[in-house]
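Asker: This is target.csv (CSV, C-alpha atoms).
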chain,number,residue,atom,x,y,z
A,243,MET,CA,-19.0,20.7,1.6
A,244,ILE,CA,-15.6,19.2,2.0
A,245,ASP,CA,-13.1,22.0,1.1
A,246,ILE,CA,-9.9,20.3,2.5
A,247,PRO,CA,-9.9,16.9,0.8
A,248,LEU,CA,-8.3,13.8,2.3
A,249,VAL,CA,-6.2,13.7,-0.9
A,250,ASP,CA,-6.1,16.3,-3.7
A,251,LEU,CA,-5.5,14.4,-7.0
A,252,ARG,CA,-6.4,17.5,-9.1
A,253,ALA,CA,-3.3,19.3,-7.7
A,254,GLN,CA,-1.1,16.4,-8.6
A,255,HIS,CA,-2.5,16.0,-12.1
A,256,ALA,CA,-1.8,19.6,-12.9
A,257,GLN,CA,1.9,19.0,-12.4
A,258,VAL,CA,2.0,16.1,-14.9
A,259,ALA,CA,-0.8,16.9,-17.3
A,260,ASP,CA,1.3,18.1,-20.3
A,261,GLU,CA,3.7,15.2,-20.0
A,262,VAL,CA,0.8,12.7,-19.7
A,263,ALA,CA,-1.0,14.2,-22.7
A,264,GLU,CA,2.1,14.0,-24.8
A,265,GLY,CA,2.8,10.4,-23.7
A,266,TRP,CA,-0.8,9.3,-24.3
A,267,ALA,CA,-0.7,10.8,-27.8
A,268,ALA,CA,2.3,8.7,-28.6
A,269,VAL,CA,0.5,5.6,-27.4
A,270,LEU,CA,-2.6,6.4,-29.3
A,271,GLU,CA,-0.6,7.0,-32.5
A,272,ARG,CA,1.1,3.6,-32.1
A,273,THR,CA,-2.0,1.8,-30.7
A,274,ALA,CA,0.2,-0.4,-28.5
A,275,PHE,CA,-2.2,-0.4,-25.6
A,276,ILE,CA,-1.1,-3.7,-24.1
A,277,GLY,CA,2.6,-4.4,-23.5
A,278,GLY,CA,3.8,-1.3,-25.3
A,279,PRO,CA,7.4,-0.1,-24.8
A,280,GLN,CA,6.2,2.4,-22.1
A,281,VAL,CA,5.4,-0.5,-19.9
A,282,ALA,CA,8.9,-2.0,-20.1
A,283,ALA,CA,10.4,1.5,-19.6
A,284,PHE,CA,8.4,2.1,-16.4
A,285,GLU,CA,9.1,-1.4,-15.1
A,286,SER,CA,12.9,-0.7,-15.4
A,287,GLU,CA,12.6,2.8,-13.9
A,288,PHE,CA,10.6,1.6,-10.9
A,289,ALA,CA,12.8,-1.4,-10.3
A,290,ASP,CA,15.8,1.0,-10.2
A,291,TYR,CA,13.9,3.4,-7.8
A,292,GLN,CA,13.0,0.6,-5.4
A,293,GLY,CA,16.5,-1.0,-5.5
A,294,VAL,CA,15.5,-4.4,-6.9
A,295,ALA,CA,16.4,-6.2,-10.1
A,296,HIS,CA,12.9,-6.8,-11.4
A,297,CYS,CA,9.5,-5.1,-11.6
A,298,VAL,CA,6.6,-6.8,-13.2
A,299,GLY,CA,3.6,-4.5,-13.9
A,300,VAL,CA,0.2,-6.1,-13.3
A,301,ALA,CA,-3.5,-5.0,-13.3
A,302,ASN,CA,-3.8,-4.0,-9.6
A,303,GLY,CA,-2.3,-4.4,-6.1
A,304,THR,CA,-4.5,-7.4,-5.1
A,305,ASP,CA,-3.4,-9.3,-8.1
A,306,ALA,CA,0.2,-8.4,-7.3
A,307,ILE,CA,0.0,-10.1,-3.9
A,308,GLU,CA,-1.7,-13.2,-5.4
A,309,LEU,CA,0.8,-13.5,-8.2
A,310,ALA,CA,3.7,-13.1,-5.8
A,311,LEU,CA,2.3,-15.9,-3.7
A,312,ARG,CA,1.6,-18.2,-6.6
A,313,ALA,CA,5.1,-17.5,-7.9
A,314,LEU,CA,6.4,-18.9,-4.6
A,315,GLY,CA,4.2,-22.0,-5.1
A,316,VAL,CA,1.6,-21.1,-2.5
A,317,GLY,CA,-1.7,-22.9,-3.1
A,318,HIS,CA,-4.4,-25.1,-1.7
A,319,GLY,CA,-3.8,-26.5,1.7
A,320,ASP,CA,-1.1,-23.9,2.5
A,321,GLU,CA,-1.2,-21.2,5.2
A,322,CYS,CA,0.1,-17.6,5.1
A,323,VAL,CA,0.6,-15.4,8.2
A,324,LEU,CA,-0.5,-11.8,8.0
A,325,PRO,CA,-1.7,-9.0,10.4
A,326,ALA,CA,-5.4,-8.6,11.3
A,327,ASN,CA,-4.9,-4.9,11.0
A,328,THR,CA,-4.8,-4.4,7.2
A,329,PHE,CA,-7.0,-3.7,4.2
A,330,ILE,CA,-8.9,-6.8,3.3
A,331,ALA,CA,-7.0,-7.2,0.0
A,332,THR,CA,-4.0,-8.7,1.8
A,333,ALA,CA,-6.1,-11.6,3.2
A,334,GLU,CA,-8.2,-11.7,0.0
A,335,ALA,CA,-5.2,-12.4,-2.2
A,336,VAL,CA,-4.1,-15.2,0.1
A,337,ALA,CA,-7.6,-16.8,-0.2
A,338,ARG,CA,-7.6,-16.3,-4.0
A,339,ALA,CA,-4.3,-18.2,-4.2
A,340,GLY,CA,-6.1,-21.1,-2.5
A,341,ALA,CA,-4.3,-20.7,0.9
A,342,THR,CA,-5.7,-19.9,4.3
A,343,PRO,CA,-5.0,-16.5,6.0
A,344,VAL,CA,-3.6,-17.0,9.5
A,345,LEU,CA,-4.0,-13.7,11.4
A,346,VAL,CA,-1.8,-12.2,14.1
A,347,ASP,CA,-2.2,-9.0,16.1
A,348,CYS,CA,-0.5,-5.6,15.6
A,349,VAL,CA,1.6,-3.3,17.7
A,350,ALA,CA,-0.5,-0.4,19.2
A,351,GLY,CA,1.8,2.5,18.5
A,352,THR,CA,2.4,1.8,14.8
A,353,GLY,CA,-0.4,-0.5,13.8
A,354,LEU,CA,2.3,-2.8,12.2
A,355,ILE,CA,2.4,-6.5,12.5
A,356,ASP,CA,3.7,-7.7,15.9
A,357,PRO,CA,6.6,-10.1,15.3
A,358,GLU,CA,6.2,-11.6,18.8
A,359,LYS,CA,2.9,-13.0,17.8
A,360,ILE,CA,4.2,-14.8,14.7
A,361,PRO,CA,5.8,-18.0,16.2
A,362,ALA,CA,2.5,-19.1,17.7
A,363,ALA,CA,0.8,-18.8,14.3
A,364,LEU,CA,3.3,-21.0,12.5
A,365,THR,CA,2.5,-24.6,11.5
A,366,ASP,CA,3.9,-27.2,9.1
A,367,ARG,CA,1.7,-25.7,6.5
A,368,THR,CA,3.0,-22.1,6.7
A,369,ARG,CA,4.4,-21.1,3.3
A,370,ALA,CA,4.7,-17.3,3.6
A,371,VAL,CA,4.5,-14.4,6.0
A,372,LEU,CA,3.0,-11.1,4.7
A,373,PRO,CA,4.1,-8.1,6.7
A,374,VAL,CA,2.2,-4.9,5.6
A,375,HIS,CA,4.0,-1.6,5.3
A,376,LEU,CA,1.1,0.2,6.7
A,377,TYR,CA,0.3,3.9,6.1
A,378,GLY,CA,3.7,4.5,4.5
A,379,GLN,CA,6.1,3.0,6.9
A,380,ALA,CA,7.9,-0.3,6.8
A,381,ALA,CA,7.1,-3.3,8.9
A,382,PRO,CA,10.1,-4.7,10.9
A,383,VAL,CA,10.9,-7.3,8.3
A,384,GLU,CA,14.1,-8.4,10.0
A,385,LEU,CA,12.2,-9.2,13.1
A,386,VAL,CA,9.6,-11.0,11.1
A,387,ARG,CA,12.3,-13.1,9.5
A,388,ALA,CA,13.7,-13.9,12.9
A,389,ALA,CA,10.3,-15.0,14.1
A,390,ALA,CA,9.7,-17.2,11.1
A,391,PRO,CA,13.1,-18.6,10.1
A,392,GLY,CA,13.1,-20.1,6.6
A,393,VAL,CA,9.6,-18.9,5.7
A,394,PRO,CA,9.5,-16.6,2.6
A,395,VAL,CA,8.5,-13.0,3.2
A,396,VAL,CA,6.0,-11.4,0.8
A,397,GLU,CA,5.9,-7.7,1.5
A,398,ASP,CA,2.6,-5.9,1.1
A,399,ALA,CA,4.1,-2.6,0.0
A,400,ALA,CA,0.9,-1.0,-1.5
A,401,GLN,CA,1.2,2.1,0.7
A,402,ALA,CA,4.9,2.6,0.8
A,403,GLN,CA,6.5,3.6,-2.5
A,404,GLY,CA,9.8,5.2,-1.5
A,405,ALA,CA,9.8,4.2,2.1
A,406,SER,CA,12.8,2.4,3.6
A,407,ARG,CA,14.0,0.5,6.6
A,408,PHE,CA,17.6,1.1,7.8
A,409,GLY,CA,18.3,2.5,4.4
A,410,VAL,CA,16.9,-0.4,2.4
A,411,PRO,CA,13.9,0.4,0.3
A,412,VAL,CA,10.7,-1.5,0.8
A,413,GLY,CA,10.3,-4.1,-1.9
A,414,GLY,CA,13.8,-5.4,-1.3
A,415,LEU,CA,13.3,-6.5,2.3
A,416,GLY,CA,11.7,-9.9,1.5
A,417,GLU,CA,11.9,-12.5,-1.2
A,418,ILE,CA,9.2,-10.7,-3.2
A,419,ALA,CA,6.9,-7.7,-2.8
A,420,ALA,CA,3.6,-6.4,-4.1
A,421,THR,CA,2.5,-2.8,-4.6
A,422,SER,CA,-0.5,-0.9,-5.8
A,423,PHE,CA,-0.9,2.1,-8.1
A,424,TYR,CA,-4.5,2.8,-7.1
A,425,PRO,CA,-5.0,6.6,-7.8
A,426,GLY,CA,-4.7,7.7,-4.2
A,427,LYS,CA,-1.3,6.0,-3.5
A,428,ASN,CA,1.9,8.0,-3.3
A,429,LEU,CA,2.6,6.8,-6.8
A,430,GLY,CA,-0.9,6.5,-8.3
A,431,ALA,CA,-2.2,5.7,-11.8
A,432,TYR,CA,-5.3,7.1,-13.5
A,433,GLY,CA,-7.1,3.8,-12.8
A,434,ASP,CA,-6.1,0.5,-11.3
A,435,GLY,CA,-2.5,-0.8,-11.5
A,436,GLY,CA,0.1,-2.7,-9.5
A,437,ALA,CA,3.5,-4.4,-9.6
A,438,VAL,CA,5.5,-7.2,-8.2
A,439,LEU,CA,9.0,-6.5,-7.1
A,440,THR,CA,11.8,-8.9,-6.6
A,441,SER,CA,15.6,-9.5,-7.1
A,442,SER,CA,15.0,-13.1,-8.0
A,443,ALA,CA,15.0,-13.7,-11.8
A,444,GLU,CA,13.2,-17.0,-11.3
A,445,LEU,CA,10.3,-15.4,-9.3
A,446,ALA,CA,10.0,-12.5,-11.7
A,447,GLU,CA,9.8,-14.9,-14.7
A,448,ALA,CA,7.1,-16.9,-12.9
A,449,VAL,CA,5.0,-13.7,-12.3
A,450,ARG,CA,5.4,-12.7,-16.0
A,451,LEU,CA,4.2,-16.1,-17.0
A,452,LEU,CA,1.2,-16.1,-14.6
A,453,ARG,CA,0.1,-12.6,-15.5
A,454,GLU,CA,-0.2,-13.6,-19.2
A,455,HIS,CA,-2.6,-16.5,-18.9
A,456,GLY,CA,0.4,-18.8,-18.1
A,457,SER,CA,1.8,-18.1,-21.5
A,458,PRO,CA,5.4,-17.4,-22.5
A,459,ARG,CA,4.4,-17.2,-26.2
A,460,LYS,CA,1.1,-16.8,-28.0
A,461,TYR,CA,-1.1,-19.9,-27.6
A,462,GLU,CA,1.4,-21.8,-25.5
A,463,HIS,CA,0.1,-22.3,-21.9
A,464,PRO,CA,2.3,-24.5,-19.8
A,465,ALA,CA,0.9,-23.0,-16.6
A,466,LEU,CA,-2.6,-21.9,-15.4
A,467,GLY,CA,-2.4,-18.2,-15.1
A,468,PHE,CA,-4.8,-15.3,-15.7
A,469,ASN,CA,-5.0,-11.9,-17.3
A,470,SER,CA,-3.4,-9.2,-15.1
A,471,ARG,CA,-1.4,-6.7,-17.1
A,472,LEU,CA,-0.4,-3.1,-16.5
A,473,ASP,CA,-1.7,-1.2,-19.6
A,474,THR,CA,0.4,1.2,-21.5
A,475,LEU,CA,-1.6,4.3,-20.8
A,476,GLN,CA,-1.1,3.8,-17.1
A,477,ALA,CA,2.6,3.2,-17.5
A,478,VAL,CA,2.9,6.7,-19.1
A,479,VAL,CA,1.2,8.2,-16.1
A,480,LEU,CA,3.3,6.3,-13.6
A,481,SER,CA,6.6,7.2,-15.4
A,482,ALA,CA,5.7,10.9,-15.3
A,483,LYS,CA,4.8,10.7,-11.6
A,484,LEU,CA,7.8,8.6,-10.7
A,485,ARG,CA,10.1,11.4,-11.8
A,486,ARG,CA,8.4,13.6,-9.1
A,487,LEU,CA,7.8,11.0,-6.4
A,488,GLU,CA,10.9,11.8,-4.3
A,489,GLY,CA,9.9,15.4,-4.1
A,490,TRP,CA,6.3,14.6,-3.3
A,491,ASN,CA,7.4,12.2,-0.5
A,492,GLU,CA,9.6,14.9,1.0
A,493,ALA,CA,6.6,17.2,1.0
A,494,ARG,CA,4.6,14.6,2.8
A,495,ARG,CA,7.3,14.3,5.4
A,496,ALA,CA,7.3,18.0,5.9
A,497,ALA,CA,3.5,18.0,6.3
A,498,ALA,CA,3.7,15.1,8.8
A,499,ALA,CA,6.3,17.0,10.8
A,500,ARG,CA,4.0,20.0,10.9
A,501,TYR,CA,1.0,17.9,12.1
A,502,ALA,CA,3.2,16.5,14.9
A,503,GLU,CA,4.0,20.0,16.0
A,504,LEU,CA,0.4,21.3,15.8
A,505,LEU,CA,-1.0,18.3,17.6
A,506,ALA,CA,1.5,18.3,20.4
A,507,ASP,CA,-0.9,20.5,22.5
A,508,LEU,CA,-3.9,18.2,22.1
A,509,PRO,CA,-3.5,15.5,24.8
A,510,ASP,CA,-6.5,13.6,23.6
A,511,VAL,CA,-4.9,13.0,20.2
A,512,LEU,CA,-2.4,10.1,19.9
A,513,ALA,CA,-0.1,10.9,17.0
A,514,PRO,CA,1.4,8.1,14.9
A,515,GLU,CA,4.7,6.6,16.1
A,516,VAL,CA,7.6,6.0,13.7
A,517,LEU,CA,9.5,2.7,14.2
A,518,GLU,CA,13.2,3.2,14.8
A,519,GLY,CA,15.1,2.6,11.5
A,520,ASN,CA,12.2,3.7,9.4
A,521,THR,CA,12.0,6.5,6.8
A,522,PRO,CA,8.3,6.7,6.1
A,523,VAL,CA,6.6,8.3,3.2
A,524,TRP,CA,3.3,9.1,5.0
A,525,HIS,CA,0.8,7.7,2.6
A,526,LEU,CA,-1.7,8.4,5.4
A,527,TYR,CA,-1.4,10.4,8.6
A,528,VAL,CA,-3.4,8.4,11.1
A,529,VAL,CA,-4.1,9.6,14.6
A,530,ARG,CA,-6.2,8.0,17.4
A,531,VAL,CA,-8.9,9.9,19.1
A,532,PRO,CA,-11.7,9.2,21.6
A,533,ASN,CA,-15.3,9.2,20.3
A,534,ARG,CA,-13.9,8.8,16.8
A,535,ASP,CA,-17.2,8.5,14.9
A,536,ARG,CA,-18.5,11.7,16.5
A,537,VAL,CA,-15.2,13.5,15.8
A,538,LEU,CA,-15.2,12.3,12.2
A,539,ALA,CA,-18.7,13.6,11.7
A,540,ALA,CA,-17.8,17.0,13.2
A,541,LEU,CA,-14.7,17.3,10.9
A,542,HIS,CA,-16.8,16.6,7.8
A,543,GLU,CA,-19.3,19.2,8.9
A,544,ALA,CA,-16.4,21.6,9.2
A,545,GLY,CA,-15.3,20.8,5.6
A,546,VAL,CA,-12.4,18.6,6.5
A,547,GLY,CA,-12.2,15.4,4.5
A,548,ALA,CA,-10.9,13.0,7.2
A,549,GLY,CA,-11.3,9.2,6.8
A,550,ILE,CA,-10.8,5.9,8.5
A,551,HIS,CA,-8.2,3.3,7.4
A,552,TYR,CA,-9.5,0.7,8.4
A,553,PRO,CA,-12.6,0.5,10.5
A,554,THR,CA,-12.9,-3.3,10.7
A,555,PRO,CA,-10.0,-5.8,11.3
A,556,VAL,CA,-9.9,-8.7,8.9
A,557,HIS,CA,-11.2,-11.2,11.4
A,558,LEU,CA,-14.4,-9.3,12.0
A,559,THR,CA,-15.4,-9.0,8.4
A,560,GLY,CA,-18.1,-11.2,7.0
A,561,ALA,CA,-15.8,-12.3,4.2
A,562,PHE,CA,-13.5,-14.1,6.7
A,563,ALA,CA,-16.1,-15.3,9.2
A,564,SER,CA,-15.1,-18.8,8.1
A,565,LEU,CA,-11.8,-18.4,10.0
A,566,GLY,CA,-13.8,-18.8,13.2
A,567,HIS,CA,-12.6,-15.7,15.0
A,568,GLY,CA,-14.6,-13.3,17.1
A,569,ALA,CA,-14.4,-10.1,19.0
A,570,GLY,CA,-11.5,-10.1,21.5
A,571,ASP,CA,-9.3,-12.5,19.5
A,572,PHE,CA,-7.0,-9.7,18.3
A,573,PRO,CA,-7.5,-7.0,20.9
A,574,VAL,CA,-4.9,-4.6,19.8
A,575,SER,CA,-6.1,-4.5,16.2
A,576,GLU,CA,-9.7,-4.0,17.5
A,577,SER,CA,-8.6,-1.2,19.8
A,578,VAL,CA,-6.7,0.5,17.1
A,579,ALA,CA,-9.6,0.2,14.6
A,580,ALA,CA,-12.0,1.8,17.1
A,581,GLY,CA,-10.0,5.0,17.4
A,582,ILE,CA,-8.1,5.7,14.2
A,583,LEU,CA,-8.7,8.8,12.1
A,584,SER,CA,-6.9,9.7,8.9
A,585,LEU,CA,-6.2,13.4,8.6
A,586,PRO,CA,-5.9,15.1,5.1
A,587,LEU,CA,-2.3,14.8,3.8
A,588,PHE,CA,-1.0,15.2,0.3
A,589,PRO,CA,2.1,16.8,-1.1
A,590,GLU,CA,0.4,20.1,-2.0
A,591,ILE,CA,-1.3,20.6,1.4
A,592,THR,CA,-0.6,24.1,2.7
A,593,GLU,CA,0.3,25.2,6.2
A,594,GLU,CA,-2.9,27.2,6.4
A,595,GLN,CA,-4.9,24.1,5.5
A,596,GLN,CA,-3.2,22.0,8.2
A,597,HIS,CA,-3.9,24.8,10.8
A,598,ARG,CA,-7.6,24.6,9.8
A,599,VAL,CA,-7.6,20.8,10.1
A,600,VAL,CA,-6.1,20.9,13.6
A,601,ALA,CA,-8.4,23.7,14.7
A,602,ALA,CA,-11.4,21.8,13.5
A,603,LEU,CA,-10.1,18.7,15.3
A,604,LYS,CA,-9.6,20.6,18.5
A,605,ALA,CA,-13.2,22.0,18.3
A,606,ALA,CA,-14.5,18.5,17.6
A,607,LEU,CA,-12.8,17.1,20.6
For the structure just supplied, provide its representation as structure tokens.

Answerer:
Amino acid sequence: MIDIPLVDLRAQHAQVADEVAEGWAAVLERTAFIGGPQVAAFESEFADYQGVAHCVGVANGTDAIELALRALGVGHGDECVLPANTFIATAEAVARAGATPVLVDCVAGTGLIDPEKIPAALTDRTRAVLPVHLYGQAAPVELVRAAAPGVPVVEDAAQAQGASRFGVPVGGLGEIAATSFYPGKNLGAYGDGGAVLTSSAELAEAVRLLREHGSPRKYEHPALGFNSRLDTLQAVVLSAKLRRLEGWNEARRAAAARYAELLADLPDVLAPEVLEGNTPVWHLYVVRVPNRDRVLAALHEAGVGAGIHYPTPVHLTGAFASLGHGAGDFPVSESVAAGILSLPLFPEITEEQQHRVVAALKAAL
């Protein structure tokens, strides 16, 4: 049995349960399940927290990326540059918008997009670059911009609520950003949810139109959109959690620092690097180890809920076989994927639990 989970959502829920119950009761009384006032309240609160002018709540993080791209006018025949080392949703959203994902490799120490690989990927059809703020730390967006001058930057900020780069919160580093409120995120809903962040009133209005069937008013449809709205019950949960997010992120930083100390005596474990200028929020604590699959199995047998994020780079998935890539095309991403191991990390993790995790890892190695 797993007795140290990868993430403990029960412990987090206990802290907000009364507030959520009270908020849900108000929604049920009013029956404003779609577009209720709690949605607008959360959008305003989260925009302020992320330091942008506009937050548009949507149904999930994948929709958020697609809507951000479509708001920029990305569509059929266009290309978007993104890292091979990411969850498939980044590339999936590009394809759903009608564009072609153009992959580049990552940097070994951080797993983040390698800006030096971007210029060779640009063509006259490039319409956006999508740096991914992986595992809770920001991609070097300023270097991405320098590598692709004049190309809009769409941040995939699904794993980085509260992270910053040189003091600027993620979500405000590019023209527009997408985030996810999947339950396991640093700011997680009780189901799916997402948001688009931007300081452009024009882009925000375009996303609002597209998320509502392309409709500014009932039965008027000047644009082809689809249904992707953040529901009111989820907004209640997110507002309650947002008020605690900074404290939770600080607890994650403390836990990450403790892991770094505990792992220092294990030469076979490659701890994660933090890019200069970054203040990460440690959505995941990802190390690299030899014989990863054997180590993972041993950890599970010892009751440690470790995981892998992500075992297969985008170019090696069946979903994107049509891009024509094969093994060896993005060697750093492939090497990273073969050795990564996510250790349990959540705000409530105890020092004793972390000692047990590292002891089990040492035994497995």

Asker: What is the atom CA of Ala437 of chain A to atom CA of Gly378 of chain A distance in Å?

Answerer: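 Atom-to-atom, atom CA of Ala437 of chain A to atom CA of Gly378 of chain A, that is 16.7 Å.
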
Asker: Excluding Pro555 of chain A and any residue of its chain fewer than 3 positions from it, enumerate the residues within 9 Å of it, using all atoms listed in the file, and give them as a compact mmCIF listing (two decimals) with C-alpha atoms, keeping the file's coordinate frame.

Answerer:
# COMPACT_ATOMS: atom_id res chain seq x y z
CA PRO A 325 -1.70 -9.00 10.40
CA ALA A 326 -5.40 -8.60 11.30
CA ASN A 327 -4.90 -4.90 11.00
CA THR A 328 -4.80 -4.40 7.20
CA PHE A 329 -7.00 -3.70 4.20
CA ILE A 330 -8.90 -6.80 3.30
CA TYR A 552 -9.50 0.70 8.40
CA LEU A 558 -14.40 -9.30 12.00
CA THR A 559 -15.40 -9.00 8.40
CA PHE A 572 -7.00 -9.70 18.30
CA SER A 575 -6.10 -4.50 16.20
CA GLU A 576 -9.70 -4.00 17.50
CA ALA A 579 -9.60 0.20 14.60

Asker: So which residues are close to (1.7, -13.4, -24.9), meaning at most 12 Å away in the file's coordinates with only C-alpha atoms counted, and can you show them as a ChimeraX atom specification?

Answerer: /A:276-277,450-463,467-471

Asker: Write to file, as a tab-separated table (two decimals), keeping the file's coordinate frame, the residues of the selection just made, with C-alpha atoms.

Answerer:
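Below you can see again34.tsv, which holds the result:
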chain	number	residue	atom	x	y	z
A	276	ILE	CA	-1.10	-3.70	-24.10
A	277	GLY	CA	2.60	-4.40	-23.50
A	450	ARG	CA	5.40	-12.70	-16.00
A	451	LEU	CA	4.20	-16.10	-17.00
A	452	LEU	CA	1.20	-16.10	-14.60
A	453	ARG	CA	0.10	-12.60	-15.50
A	454	GLU	CA	-0.20	-13.60	-19.20
A	455	HIS	CA	-2.60	-16.50	-18.90
A	456	GLY	CA	0.40	-18.80	-18.10
A	457	SER	CA	1.80	-18.10	-21.50
A	458	PRO	CA	5.40	-17.40	-22.50
A	459	ARG	CA	4.40	-17.20	-26.20
A	460	LYS	CA	1.10	-16.80	-28.00
A	461	TYR	CA	-1.10	-19.90	-27.60
A	462	GLU	CA	1.40	-21.80	-25.50
A	463	HIS	CA	0.10	-22.30	-21.90
A	467	GLY	CA	-2.40	-18.20	-15.10
A	468	PHE	CA	-4.80	-15.30	-15.70
A	469	ASN	CA	-5.00	-11.90	-17.30
A	470	SER	CA	-3.40	-9.20	-15.10
A	471	ARG	CA	-1.40	-6.70	-17.10

Asker: Looking at A:Val346, A:Ile360, A:Leu324, A:Gly351, which one is nearest to Val374 of chain A, with distances taken over all atoms listed in the file?

Answerer: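 The closest residue to Val374 of chain A is A:Leu324.
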
Asker: Rounded to one decimal place, report the atom CA of Val281 of chain A-atom CA of Leu372 of chain A distance in Å.

Answerer: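 Separation of atom CA of Val281 of chain A and atom CA of Leu372 of chain A: 26.9 Å.
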
Asker: Could you pull the residues within 12 Å of Leu439 of chain A, counting only C-alpha atoms, minus those fewer than 2 positions along the same chain, as a PyMOL selection string?

Answerer: chain A and resi 285-286+288-300+303+306-307+309-310+313+396-400+403+411-422+436-437+441-443+445-447+449-450

Asker: Would you mind exporting C-alpha atoms of the selected residues as a CSV table (one decimal), in the coordinates of the input?

Answerer:
chain,number,residue,atom,x,y,z
A,285,GLU,CA,9.1,-1.4,-15.1
A,286,SER,CA,12.9,-0.7,-15.4
A,288,PHE,CA,10.6,1.6,-10.9
A,289,ALA,CA,12.8,-1.4,-10.3
A,290,ASP,CA,15.8,1.0,-10.2
A,291,TYR,CA,13.9,3.4,-7.8
A,292,GLN,CA,13.0,0.6,-5.4
A,293,GLY,CA,16.5,-1.0,-5.5
A,294,VAL,CA,15.5,-4.4,-6.9
A,295,ALA,CA,16.4,-6.2,-10.1
A,296,HIS,CA,12.9,-6.8,-11.4
A,297,CYS,CA,9.5,-5.1,-11.6
A,298,VAL,CA,6.6,-6.8,-13.2
A,299,GLY,CA,3.6,-4.5,-13.9
A,300,VAL,CA,0.2,-6.1,-13.3
A,303,GLY,CA,-2.3,-4.4,-6.1
A,306,ALA,CA,0.2,-8.4,-7.3
A,307,ILE,CA,0.0,-10.1,-3.9
A,309,LEU,CA,0.8,-13.5,-8.2
A,310,ALA,CA,3.7,-13.1,-5.8
A,313,ALA,CA,5.1,-17.5,-7.9
A,396,VAL,CA,6.0,-11.4,0.8
A,397,GLU,CA,5.9,-7.7,1.5
A,398,ASP,CA,2.6,-5.9,1.1
A,399,ALA,CA,4.1,-2.6,0.0
A,400,ALA,CA,0.9,-1.0,-1.5
A,403,GLN,CA,6.5,3.6,-2.5
A,411,PRO,CA,13.9,0.4,0.3
A,412,VAL,CA,10.7,-1.5,0.8
A,413,GLY,CA,10.3,-4.1,-1.9
A,414,GLY,CA,13.8,-5.4,-1.3
A,415,LEU,CA,13.3,-6.5,2.3
A,416,GLY,CA,11.7,-9.9,1.5
A,417,GLU,CA,11.9,-12.5,-1.2
A,418,ILE,CA,9.2,-10.7,-3.2
A,419,ALA,CA,6.9,-7.7,-2.8
A,420,ALA,CA,3.6,-6.4,-4.1
A,421,THR,CA,2.5,-2.8,-4.6
A,422,SER,CA,-0.5,-0.9,-5.8
A,436,GLY,CA,0.1,-2.7,-9.5
A,437,ALA,CA,3.5,-4.4,-9.6
A,441,SER,CA,15.6,-9.5,-7.1
A,442,SER,CA,15.0,-13.1,-8.0
A,443,ALA,CA,15.0,-13.7,-11.8
A,445,LEU,CA,10.3,-15.4,-9.3
A,446,ALA,CA,10.0,-12.5,-11.7
A,447,GLU,CA,9.8,-14.9,-14.7
A,449,VAL,CA,5.0,-13.7,-12.3
A,450,ARG,CA,5.4,-12.7,-16.0

Asker: Extract, using only C-alpha atoms, all DNA, RNA and protein residues at most 8 Å from segment 520-527 of chain A, discarding same-chain residues fewer than 3 positions from it, and format them as a list in words.

Answerer: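 Using only C-alpha atoms, the neighbours found are Tyr377, Gly378, Gln379, Ala380, Gln401, Ala402, Gln403, Gly404, Ala405, Ser406, Arg407, Phe408, Gly409, Lys427, Asn428, Asn491, Glu492, Arg494, Arg495, Ala498, Pro514, Val516, Leu517, Ser584, Leu585, Pro586 and Leu587 of chain A.
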
Asker: Would you mind listing what lies within 6 Å of Ala540 of chain A as a PyMOL selection string, with all atoms listed in the file counted and same-chain residues fewer than 3 positions away left out?

Answerer: chain A and resi 537+543+606

Asker: So which one's closest to Thr332 of chain A, A:Val556, A:Val574, A:Val479, A:Leu505? Using only C-alpha atoms, please.

Answerer: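 With only C-alpha atoms as the atom set, the closest residue is A:Val556.
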
Asker: Any idea what the distance is between atom CA of His542 of chain A and atom CA of Val249 of chain A?

Answerer: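 Atom CA of His542 of chain A sits 14.0 Å away from atom CA of Val249 of chain A.
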
Asker: So which residues touch Gly265 of chain A within 10 Å, counting only C-alpha atoms, skipping near sequence neighbours fewer than 5 positions away, as a ChimeraX atom specification?

Answerer: /A:259-260,270,280,474-475,477-479,481-482

Asker: With C-alpha atoms retained, export the selected residues as a PDB file, in the frame of the given file.

Answerer:
ATOM      1  CA  ALA A 259      -0.800  16.900 -17.300  1.00  0.00           C
ATOM      2  CA  ASP A 260       1.300  18.100 -20.300  1.00  0.00           C
ATOM      3  CA  LEU A 270      -2.600   6.400 -29.300  1.00  0.00           C
ATOM      4  CA  GLN A 280       6.200   2.400 -22.100  1.00  0.00           C
ATOM      5  CA  THR A 474       0.400   1.200 -21.500  1.00  0.00           C
ATOM      6  CA  LEU A 475      -1.600   4.300 -20.800  1.00  0.00           C
ATOM      7  CA  ALA A 477       2.600   3.200 -17.500  1.00  0.00           C
ATOM      8  CA  VAL A 478       2.900   6.700 -19.100  1.00  0.00           C
ATOM      9  CA  VAL A 479       1.200   8.200 -16.100  1.00  0.00           C
ATOM     10  CA  SER A 481       6.600   7.200 -15.400  1.00  0.00           C
ATOM     11  CA  ALA A 482       5.700  10.900 -15.300  1.00  0.00           C
TER      12      ALA A 482
END

Asker: Calculated over only C-alpha atoms, which of the candidates A:Ala390, A:Gly568, A:Ala370, A:Ile355 has the smallest distance to Pro343 of chain A?

Answerer: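 Looking only at the distances to Pro343 of chain A, the closest residue turns out to be A:Ala370.
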
Asker: Tell me which of A:Ala493, A:Ile582, A:Leu480, A:Val600 sits closest to Val528 of chain A, counting all atoms listed in the file.

Answerer: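 Ranked by minimum distance to Val528 of chain A, first place goes to A:Ile582.
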
Asker: Just give me the residues with any atom within 12 Å of (-5.3, 15.5, -9.6), file coordinates, counting only C-alpha atoms, written as a ChimeraX atom specification.

Answerer: /A:247,249-259,425-427,430-432,479,483,588-590
